[in-house]
Structure formats: structure tokens, C-alpha cells
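Asker: Quick one: structure below, then a few questions.
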Amino acid sequence: MEALEVIDPKISAIRKQFPILEQKVNGKPLIYFDNGATTQKPLQVIHSIVDYYSSYNSNIHRGVHTLSQTATARYDKARVIVGSFINAGTSNSVIFTKGTTDSINFVANAYGNKFVHEGDEILVTAMEHHSNILPWQELCKRKKALLKVLPVDENGVLKYDELDSLLTAKTKLFAFTHVSNTLGTVNDVQRLTEAAHAKNIPVLIDGAQAVPHLMVDLGLIDADFYVFSGHKMYGPTGIGVLYAKEKWLNQFNVYQTGGGTIKSVTFEQTEYSEGPHKFEAGTPNIEGAIALAEAVKFMEDFGIANLARYEHELMEYATKRLDEIEGIKLIGTAPCKAGVISFNVGKIHPFDIGTLLDKQGIAVRTGHHCTQPLMQCYNIQGTVRMSFAVYNTKQEIDVFIEALKKAVKMLS
């Protein structure tokens with residue numbers, strides 16, 4: 001097959017914005033189902049990066065010349081666009097970071113070092129990505145605190161009935177994912193947040209897998225901290241966001257020091273800036289922030305509700321077709337899921353399936369997906385994971401199913 005037929009004209013037009021999808025891999029049209037790891041980038045995002053370096057490359061916030069003023073204006077506007085996208089209330093609560101991992105480490109240090117003490121507790125869930133486990137684990141080691149875990153059931157749903165007993169007077173923070181990168185489970189973040197806030201416990205939500213797929217309204221969710229990455233939402237790598245309520249930012253000491261964080265410096269004393277600039281030391285990822293704003297515009301132009309609806313259709317269609325595979329076992333069958341499907345087939349190693357699919361031009365993720373504790377809950381080493389984006393099609397799923405059948409037959 002030389003090219004994949006796309007029935008929906010709107011999706012066909014969307015696909016044309018992603019030049020990487022036009023290539024062949026191992027002689028086959030590329031089918032990219034590894035969006036949970038990173039999404040591909042539309043032309044408007046790519047062009048924004050080229051435009052920055054071609055037209056107004058300059059440092060920001062410290063120059064009076066035209067290029068610096070242009071770069072500064074677009075960087076600052078990007079913060080406003082991102083803040084509005086998640087309904088942050090004020091762009092002063094939006095800090096640009098390297099990504100989700102960097103954002104969580106920021107909070108673990110700025111919040112944890114100040115408010116967590118010996119004998120305190122941090123609560124996470126069993127479905128967390130390593131990036132939302134390790135910073136808290138290390139914090140607990142430093143502070144001689146205890147890391148506690150809210151478990152999941154066999155369907156990949158959090159055991160909400162155990163939440164009240166795990167949130168105690170010793171709990172200093174509850175950190176949990178909005179959408180599981182492995183199971184696809186969409187957690188009831190409002191319920192989790194309300195339960196924590198009822199006991200005056202702040203929450204951090206890992207939104208890396210939610211922002212690309214769902215409408216995120218922080219005015220409604222009321223999280224203390226919300227983090228996500230640009231590269232999973234059609235933006236570039238190396239840029240992410242930490243949303244933090246201003247009441248916390250006002251109490252935090254600087255996380256890193258250097259240029260851009262100060263009002264005045266003498267050898268005796270330094271006065272630091274207020275708001276997000278206090279926490280963005282050095283020259284930031286200027287083009288990354290500007291391109292992230294373009295990724296937001298891309299998603300908004302399609303419509304977040306439309307995007308979520310379309311990806312849900314793809315997931316349901318793929319789930320139904322996977323039933324045709326003998327020995328298939330889905331890992332994560334929660335009633336409310338985003339566009340992620342993890343599975344195993346009999347005793348075949350996920351890596352072997354992924355390798356044979358790649359030979360047919362199909363990109364999936366295999367392994368533990370940086371959720372080894374979750375794999376231990378299911379007593380497995382890993383899974384094959386297919387994850388969807390707006391440029392994927394049912395026709396691609398059909399090709400994938402036939403390729404999977406072929407791979408299983410070869411490996412059985």
C-alpha cells in the first residue's frame with residue numbers, strides 16, 4: 001500500500017500539517033501510535049521555531065533594541081496564552097520549565113524543603129510515572145518522611161475508598177496523575193483534590209497525559225500545583241509548565257539563582273523578582289515557549305472537545321478490533337479512559353511485538369513505560385502501548401491490526 005486513505009477530509013487536512021507522517025519506515029507508510037511518549041509537530045509549530053531564529057533571535061527582558069523587544073513580547077504573550085488555555089486565572093501562576101519532570105522536581109525542592117519535616121508523609125498513587133515518584137522518594141529520604149501509596153484495582157481504577165485513611169494529619173502533599181500514561185485511566189481529579197483540601201493538604205497533579213487530550217480547567221479543579229510538558233501536546237521538547245497558586249509562589253525561596261531572577265544585586269544582599277521571573281533563572285527556552293503557544297493555538301483551532309471526542313472514537317474502535325487477536329489481554333480497563341491502550345498477547349514479550357510492528361512501519365511503545373511499580377501490581381514486566389493523537393485514523397488502526405496478527409503468528 002503506497003499511501004493510507006483518509007476518509008474524513010478534516011483529518012486529511014490535519015495530517016498534511018505534519019510532514020513527518022509523509023515518510024516511509026522500512027518501506028511502509030509510517031503509522032505513529034507512540035503519542036504518549038511524544039506527539040509529532042504541526043507546521044505552525046515548526047515554522048514558529050524557524051521564524052524565531054530567522055527573524056528575531058535575541059535574549060529577552062534585558063534589551064532595548066527591536067529584536068529583544070520582539071522576542072520579549074512574544075515570550076510574555078506565550079505565558080498569557082498558556083495560562084488562558086488551562087484557565088490559570090493569572091499568568092503570574094505560570095512558570096516555564098524544561099517539562100513535567102523538571103516541574104515536579106521544582107515543587108519537591110521549593111515546597112518540600114520548606115514544608116516537609118521528619119515524620120511527615122507524602123501520598124502518591126500506584127499508577128504514577130517515575131517522574132512523580134522519584135522526587136518525592138528522594139525528598140522523603142532527605143527529610144526522614146514516609147512515602148505512602150494509594151493502590152489501584154484490577155481494572156486500573158484508584159481505590160478511592162482507601163483515600164480517607166491515607167490522608168492524615170501527617171500528610172503534607174498528595175501528588176497524583178490526571179491521566180495514567182500506561183493505563184489511560186482518567187482520574188477524578190476534582191474528587192481527589194477536594195478530599196485532600198478538606199484536610200488542608202495541598203495537591204500536585206501530573207497533567208502530562210491530560211492536557212493533550214482533555215479540557216483542563218484549573219479554576220474548576222483547584223489544584224495547588226499542575227504540571228505538563230510541551231512535547232506531548234504538539235509542542236517542542238525541552239519546554240513545560242508549572243502552574244502554582246500564587247500563595248505558594250509567594251512563600252517559596254528561589255529554586256535556582258542567576259540572571260533574570262533579580263531586581264537588584266550587591267555583594268551584601270540580593271533582592272529577587274516577584275512572580276514567575278523569580279523562578280526562571282538564566283536564558284530560558286525562548287523559542288520553546290513561543291512554539292508551545294502555537295501548539296496551544298493548533299489544539300484550540302481544532303477544538304479541545306472535538307479532539308477528545310475523536311480520540312475516544314479511535315480508542316473504542318481499536319479496543320473492539322483488538323478483540324480479534326487470540327490471547328490478547330488489555331492492561332487498564334477503567335470505564336473512563338483517554339486515548340491509550342496497553343496490552344499483552346499470551347506469553348509473547350512486548351519488545352518482540354514492537355520490533356515486528358516496526359518492520360511494518362508501525363511505531364508503538366513497549367516496556368514498563370516508566371511505571372515499574374504499576375507493572376509489579378499486575379505482575380508483568382511490561383506491555384505494548386498504542387496511544388492516539390488527532391492525526392491518527394481508523395484506517396491506520398486497521399493496518400495495525402493486520403500487522404499485529406502477522407506478528408503474533410510469527411511469534412507463536
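Ordering of the C-alpha cells sets the chain letters (A, B, ...), residue numbers begin anew at 1 in every chain, and ligands are numbered from 1 in the order given.
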Would you return as a PyMOL selection string the members of segment 119-236 of chain A that DSSP assigns to helix (DSSP H, G or I) on this structure's backbone?
Answerer: chain A and resi 130-132+134-143+160-166+189-197+218-221
Asker: Do you know which residues are at most 9 Å from Lys359 of chain A counting only C-alpha atoms, after dropping those on the same chain fewer than 3 positions away, and could you put them as a list in words?
Answerer: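 The residues satisfying every condition are Val25, Asn26, Gly27, Lys28, Gly354, Thr355, Leu356 and Ile362 of chain A.
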Asker: Would you save the residues from that selection as a PDB file, in the first residue's frame, using N, CA, C and O atoms?
Answerer:
ATOM      1  N   VAL A  25       8.697   4.075   6.602  1.00  0.00           N
ATOM      2  CA  VAL A  25       9.619   3.411   7.517  1.00  0.00           C
ATOM      3  C   VAL A  25       9.677   1.946   7.123  1.00  0.00           C
ATOM      4  O   VAL A  25       8.639   1.274   7.052  1.00  0.00           O
ATOM      5  N   ASN A  26      10.861   1.474   6.830  1.00  0.00           N
ATOM      6  CA  ASN A  26      11.038   0.094   6.356  1.00  0.00           C
ATOM      7  C   ASN A  26      10.158  -0.196   5.141  1.00  0.00           C
ATOM      8  O   ASN A  26       9.588  -1.286   5.002  1.00  0.00           O
ATOM      9  N   GLY A  27      10.032   0.807   4.282  1.00  0.00           N
ATOM     10  CA  GLY A  27       9.286   0.640   3.045  1.00  0.00           C
ATOM     11  C   GLY A  27       7.785   0.727   3.175  1.00  0.00           C
ATOM     12  O   GLY A  27       7.064   0.560   2.192  1.00  0.00           O
ATOM     13  N   LYS A  28       7.296   1.034   4.370  1.00  0.00           N
ATOM     14  CA  LYS A  28       5.858   1.134   4.619  1.00  0.00           C
ATOM     15  C   LYS A  28       5.492   2.544   5.069  1.00  0.00           C
ATOM     16  O   LYS A  28       6.294   3.221   5.718  1.00  0.00           O
ATOM     17  N   GLY A 354       6.728  -5.254  19.347  1.00  0.00           N
ATOM     18  CA  GLY A 354       7.074  -3.903  18.897  1.00  0.00           C
ATOM     19  C   GLY A 354       8.089  -3.911  17.771  1.00  0.00           C
ATOM     20  O   GLY A 354       8.003  -3.100  16.835  1.00  0.00           O
ATOM     21  N   THR A 355       9.053  -4.823  17.830  1.00  0.00           N
ATOM     22  CA  THR A 355      10.079  -4.913  16.797  1.00  0.00           C
ATOM     23  C   THR A 355       9.482  -5.326  15.459  1.00  0.00           C
ATOM     24  O   THR A 355       9.808  -4.740  14.407  1.00  0.00           O
ATOM     25  N   LEU A 356       8.595  -6.312  15.480  1.00  0.00           N
ATOM     26  CA  LEU A 356       7.979  -6.765  14.240  1.00  0.00           C
ATOM     27  C   LEU A 356       7.001  -5.733  13.682  1.00  0.00           C
ATOM     28  O   LEU A 356       6.871  -5.593  12.463  1.00  0.00           O
ATOM     29  N   ILE A 362       5.132   0.563  11.746  1.00  0.00           N
ATOM     30  CA  ILE A 362       4.222   0.979  12.825  1.00  0.00           C
ATOM     31  C   ILE A 362       5.011   1.229  14.107  1.00  0.00           C
ATOM     32  O   ILE A 362       5.725   0.342  14.589  1.00  0.00           O
TER      33      ILE A 362
END
Asker: Quick one: everything within 8 Å of segment 297-314 of chain A, counting only C-alpha atoms, minus sequence neighbours fewer than 3 positions away in the same chain. Send it as a list in words.
Answerer: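 After dropping sequence-adjacent residues, the list is Pro42, Gln44, His213, Leu214, Met215, Ala293, Glu294, Tyr317, Ala318, Ala338, Gly339, Phe388, Ala389, Val390, Asn392, Thr393 and Lys394 of chain A.
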Asker: Restricted to N, CA and C atoms, what would the selected residues look like written as a CSV table (one decimal), in the first residue's frame?
Answerer:
chain,number,residue,atom,x,y,z
A,42,PRO,N,3.0,20.0,14.2
A,42,PRO,CA,2.5,20.6,13.0
A,42,PRO,C,3.4,21.7,12.5
A,44,GLN,N,2.8,24.8,11.9
A,44,GLN,CA,2.8,26.1,12.5
A,44,GLN,C,3.8,26.1,13.7
A,213,HIS,N,-5.2,15.8,25.7
A,213,HIS,CA,-6.4,15.0,25.3
A,213,HIS,C,-7.7,15.6,25.9
A,214,LEU,N,-7.6,16.4,27.0
A,214,LEU,CA,-8.8,16.8,27.7
A,214,LEU,C,-8.9,18.3,27.9
A,215,MET,N,-10.0,18.8,28.2
A,215,MET,CA,-10.2,20.2,28.6
A,215,MET,C,-9.7,20.2,30.1
A,293,ALA,N,3.0,28.0,22.6
A,293,ALA,CA,1.8,28.8,22.4
A,293,ALA,C,1.2,28.5,21.1
A,294,GLU,N,2.0,28.2,20.0
A,294,GLU,CA,1.5,27.8,18.7
A,294,GLU,C,0.8,26.4,18.8
A,317,TYR,N,-12.7,2.1,18.8
A,317,TYR,CA,-12.6,1.3,17.6
A,317,TYR,C,-11.4,0.3,17.7
A,318,ALA,N,-10.3,0.8,18.2
A,318,ALA,CA,-9.1,-0.1,18.3
A,318,ALA,C,-9.3,-1.1,19.4
A,338,ALA,N,-8.6,7.8,28.6
A,338,ALA,CA,-8.1,8.7,27.4
A,338,ALA,C,-7.5,7.8,26.4
A,339,GLY,N,-7.0,8.3,25.3
A,339,GLY,CA,-6.6,7.6,24.2
A,339,GLY,C,-5.3,6.7,24.3
A,388,PHE,N,-3.0,7.5,21.0
A,388,PHE,CA,-3.5,8.2,19.8
A,388,PHE,C,-3.3,9.7,19.9
A,389,ALA,N,-3.4,10.3,18.7
A,389,ALA,CA,-3.4,11.8,18.5
A,389,ALA,C,-4.4,12.1,17.4
A,390,VAL,N,-4.6,13.4,17.2
A,390,VAL,CA,-5.6,13.9,16.3
A,390,VAL,C,-5.4,13.5,14.9
A,392,ASN,N,-4.2,10.6,13.8
A,392,ASN,CA,-4.4,9.1,13.6
A,392,ASN,C,-5.8,8.8,13.0
A,393,THR,N,-5.9,7.7,12.4
A,393,THR,CA,-7.1,7.3,11.7
A,393,THR,C,-7.5,5.9,12.0
A,394,LYS,N,-8.8,5.6,11.7
A,394,LYS,CA,-9.3,4.2,11.8
A,394,LYS,C,-8.6,3.3,10.8
Asker: Please compute the atom CA of Tyr56 of chain A-atom CA of Thr90 of chain A distance, one decimal, in Å.
Answerer: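 The value is 27.1 Å.
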Asker: Within 12 Å of Asn59 of chain A, counting only C-alpha atoms, which residues qualify if same-chain residues fewer than 4 places away don't, as a ChimeraX atom specification?
Answerer: /A:52-53,63-75,259-260,282-287
Asker: Suppose we keep N, CA and C atoms; can you now write the selection as an mmCIF file, in the first residue's frame?
Answerer:
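Below is the file again26.cif, written as the result:
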data_model
loop_
_atom_site.group_PDB
_atom_site.id
_atom_site.type_symbol
_atom_site.label_atom_id
_atom_site.label_comp_id
_atom_site.auth_asym_id
_atom_site.auth_seq_id
_atom_site.Cartn_x
_atom_site.Cartn_y
_atom_site.Cartn_z
ATOM 1 N N TYR A 52 11.624 32.316 14.712
ATOM 2 C CA TYR A 52 12.355 32.943 15.825
ATOM 3 C C TYR A 52 13.832 33.090 15.472
ATOM 4 N N TYR A 53 14.445 31.999 15.009
ATOM 5 C CA TYR A 53 15.880 32.040 14.726
ATOM 6 C C TYR A 53 16.197 32.802 13.444
ATOM 7 N N GLY A 63 16.935 43.734 26.962
ATOM 8 C CA GLY A 63 17.421 44.506 25.826
ATOM 9 C C GLY A 63 16.437 45.590 25.410
ATOM 10 N N VAL A 64 16.965 46.716 24.939
ATOM 11 C CA VAL A 64 16.101 47.809 24.482
ATOM 12 C C VAL A 64 15.981 47.821 22.959
ATOM 13 N N HIS A 65 16.782 46.986 22.295
ATOM 14 C CA HIS A 65 16.744 47.007 20.826
ATOM 15 C C HIS A 65 15.536 46.228 20.308
ATOM 16 N N THR A 66 15.239 46.403 19.060
ATOM 17 C CA THR A 66 13.998 45.900 18.466
ATOM 18 C C THR A 66 13.869 44.387 18.556
ATOM 19 N N LEU A 67 14.950 43.661 18.231
ATOM 20 C CA LEU A 67 14.855 42.202 18.261
ATOM 21 C C LEU A 67 14.541 41.697 19.669
ATOM 22 N N SER A 68 15.191 42.269 20.657
ATOM 23 C CA SER A 68 14.945 41.863 22.044
ATOM 24 C C SER A 68 13.527 42.193 22.466
ATOM 25 N N GLN A 69 13.054 43.344 22.058
ATOM 26 C CA GLN A 69 11.695 43.736 22.405
ATOM 27 C C GLN A 69 10.669 42.802 21.761
ATOM 28 N N THR A 70 10.925 42.409 20.524
ATOM 29 C CA THR A 70 10.018 41.485 19.833
ATOM 30 C C THR A 70 10.007 40.120 20.512
ATOM 31 N N ALA A 71 11.197 39.593 20.808
ATOM 32 C CA ALA A 71 11.299 38.292 21.471
ATOM 33 C C ALA A 71 10.637 38.324 22.846
ATOM 34 N N THR A 72 10.856 39.409 23.578
ATOM 35 C CA THR A 72 10.263 39.556 24.912
ATOM 36 C C THR A 72 8.746 39.566 24.835
ATOM 37 N N ALA A 73 8.219 40.327 23.886
ATOM 38 C CA ALA A 73 6.766 40.435 23.755
ATOM 39 C C ALA A 73 6.137 39.087 23.430
ATOM 40 N N ARG A 74 6.766 38.329 22.551
ATOM 41 C CA ARG A 74 6.190 37.038 22.150
ATOM 42 C C ARG A 74 6.351 35.987 23.248
ATOM 43 N N TYR A 75 7.451 36.037 23.982
ATOM 44 C CA TYR A 75 7.641 35.132 25.117
ATOM 45 C C TYR A 75 6.601 35.424 26.201
ATOM 46 N N GLY A 259 20.806 35.204 36.373
ATOM 47 C CA GLY A 259 20.221 36.277 35.588
ATOM 48 C C GLY A 259 18.750 36.064 35.340
ATOM 49 N N GLY A 260 17.995 37.154 35.376
ATOM 50 C CA GLY A 260 16.562 37.096 35.132
ATOM 51 C C GLY A 260 15.718 36.934 36.369
ATOM 52 N N GLY A 282 18.425 32.414 34.307
ATOM 53 C CA GLY A 282 19.185 32.284 33.078
ATOM 54 C C GLY A 282 18.344 32.535 31.842
ATOM 55 N N THR A 283 18.960 32.332 30.690
ATOM 56 C CA THR A 283 18.232 32.484 29.433
ATOM 57 C C THR A 283 17.281 31.304 29.273
ATOM 58 N N PRO A 284 15.994 31.564 29.164
ATOM 59 C CA PRO A 284 15.031 30.461 29.071
ATOM 60 C C PRO A 284 14.961 29.881 27.670
ATOM 61 N N ASN A 285 14.136 28.868 27.507
ATOM 62 C CA ASN A 285 13.874 28.274 26.193
ATOM 63 C C ASN A 285 12.864 29.179 25.485
ATOM 64 N N ILE A 286 13.362 30.281 24.946
ATOM 65 C CA ILE A 286 12.500 31.321 24.381
ATOM 66 C C ILE A 286 11.663 30.774 23.229
ATOM 67 N N GLU A 287 12.345 30.159 22.261
ATOM 68 C CA GLU A 287 11.625 29.636 21.098
ATOM 69 C C GLU A 287 10.690 28.494 21.497
#
Asker: For Asn109 of chain A, which of A:Leu192, A:Ala295, A:Val254, A:Val82 is the closest residue, counting only C-alpha atoms?
Answerer: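 Looking at the shortest contact to Asn109 of chain A, the residue is A:Val254.
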Asker: Run DSSP on the backbone and tell me which residues of segment 74-285 of chain A come out as strand (DSSP E); list them as a VMD selection string.
Answerer: chain A and resid 94 to 97 121 to 125 146 to 150 171 to 177 203 to 206 225 to 229 240 to 244 262 to 265 270 to 272
Asker: Taking only C-alpha atoms into account, name the residue in A:Met233, A:Ile31, A:Ile133, A:Ala78 that is nearest to Ile401 of chain A.
Answerer: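 The closest residue to Ile401 of chain A is A:Ile31.
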Asker: Just want the 7 Å neighbourhood of Lys278 of chain A, counted on only C-alpha atoms, with same-chain residues fewer than 5 positions away dropped. Output as a PyMOL selection string.
Answerer: chain A and resi 254+261-262+272-273
Asker: Can you spit out the residues from that selection as a PDB file, in the first residue's frame, using N, CA and C atoms?
Answerer:
ATOM      1  N   VAL A 254      13.963  31.003  46.110  1.00  0.00           N
ATOM      2  CA  VAL A 254      14.366  30.745  44.733  1.00  0.00           C
ATOM      3  C   VAL A 254      14.844  29.303  44.601  1.00  0.00           C
ATOM      4  N   THR A 261      16.350  36.589  37.506  1.00  0.00           N
ATOM      5  CA  THR A 261      15.576  36.335  38.726  1.00  0.00           C
ATOM      6  C   THR A 261      15.603  37.502  39.703  1.00  0.00           C
ATOM      7  N   ILE A 262      16.324  38.567  39.365  1.00  0.00           N
ATOM      8  CA  ILE A 262      16.621  39.590  40.381  1.00  0.00           C
ATOM      9  C   ILE A 262      16.036  40.957  40.055  1.00  0.00           C
ATOM     10  N   TYR A 272      15.180  39.729  44.974  1.00  0.00           N
ATOM     11  CA  TYR A 272      14.707  38.924  43.854  1.00  0.00           C
ATOM     12  C   TYR A 272      13.404  39.464  43.281  1.00  0.00           C
ATOM     13  N   SER A 273      13.163  39.094  42.034  1.00  0.00           N
ATOM     14  CA  SER A 273      11.932  39.487  41.351  1.00  0.00           C
ATOM     15  C   SER A 273      10.728  38.817  41.998  1.00  0.00           C
TER      16      SER A 273
END
Asker: Counting only C-alpha atoms, figure out which residue out of A:Ser58, A:Thr125, A:Thr171, A:Ser229 gets nearest to Val149 of chain A.
Answerer: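 With only C-alpha atoms as the atom set, the closest residue is A:Thr125.
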Asker: Determine, for each residue of segment 33-148 of chain A having at least one atom at most 12 Å from an atom of segment 154-163 of chain A, the closest pair of atoms and their separation in Å to one decimal, counting only C-alpha atoms; order by chain and ascending number, as a tab-separated table.
Answerer:
residue	atom	partner	partner_atom	distance
A:Leu123	CA	A:Leu163	CA	9.6
A:Val124	CA	A:Leu163	CA	10.6
A:Thr125	CA	A:Leu158	CA	7.7
A:Ala126	CA	A:Leu158	CA	8.2
A:Met127	CA	A:Gly156	CA	8.0
A:Glu128	CA	A:Leu158	CA	11.1
A:Lys148	CA	A:Leu163	CA	10.9
Asker: Using only C-alpha atoms, which residue out of A:Thr366, A:Thr101, A:Ala108, A:Leu374 lies closest to Leu150 of chain A?
Answerer: A:Leu374
Asker: Between A:Gln40, A:Ser264, A:Asn113, A:Asn105, single out the one closest to Pro135 of chain A, counting only C-alpha atoms.
Answerer: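 The closest residue to Pro135 of chain A is A:Asn105.
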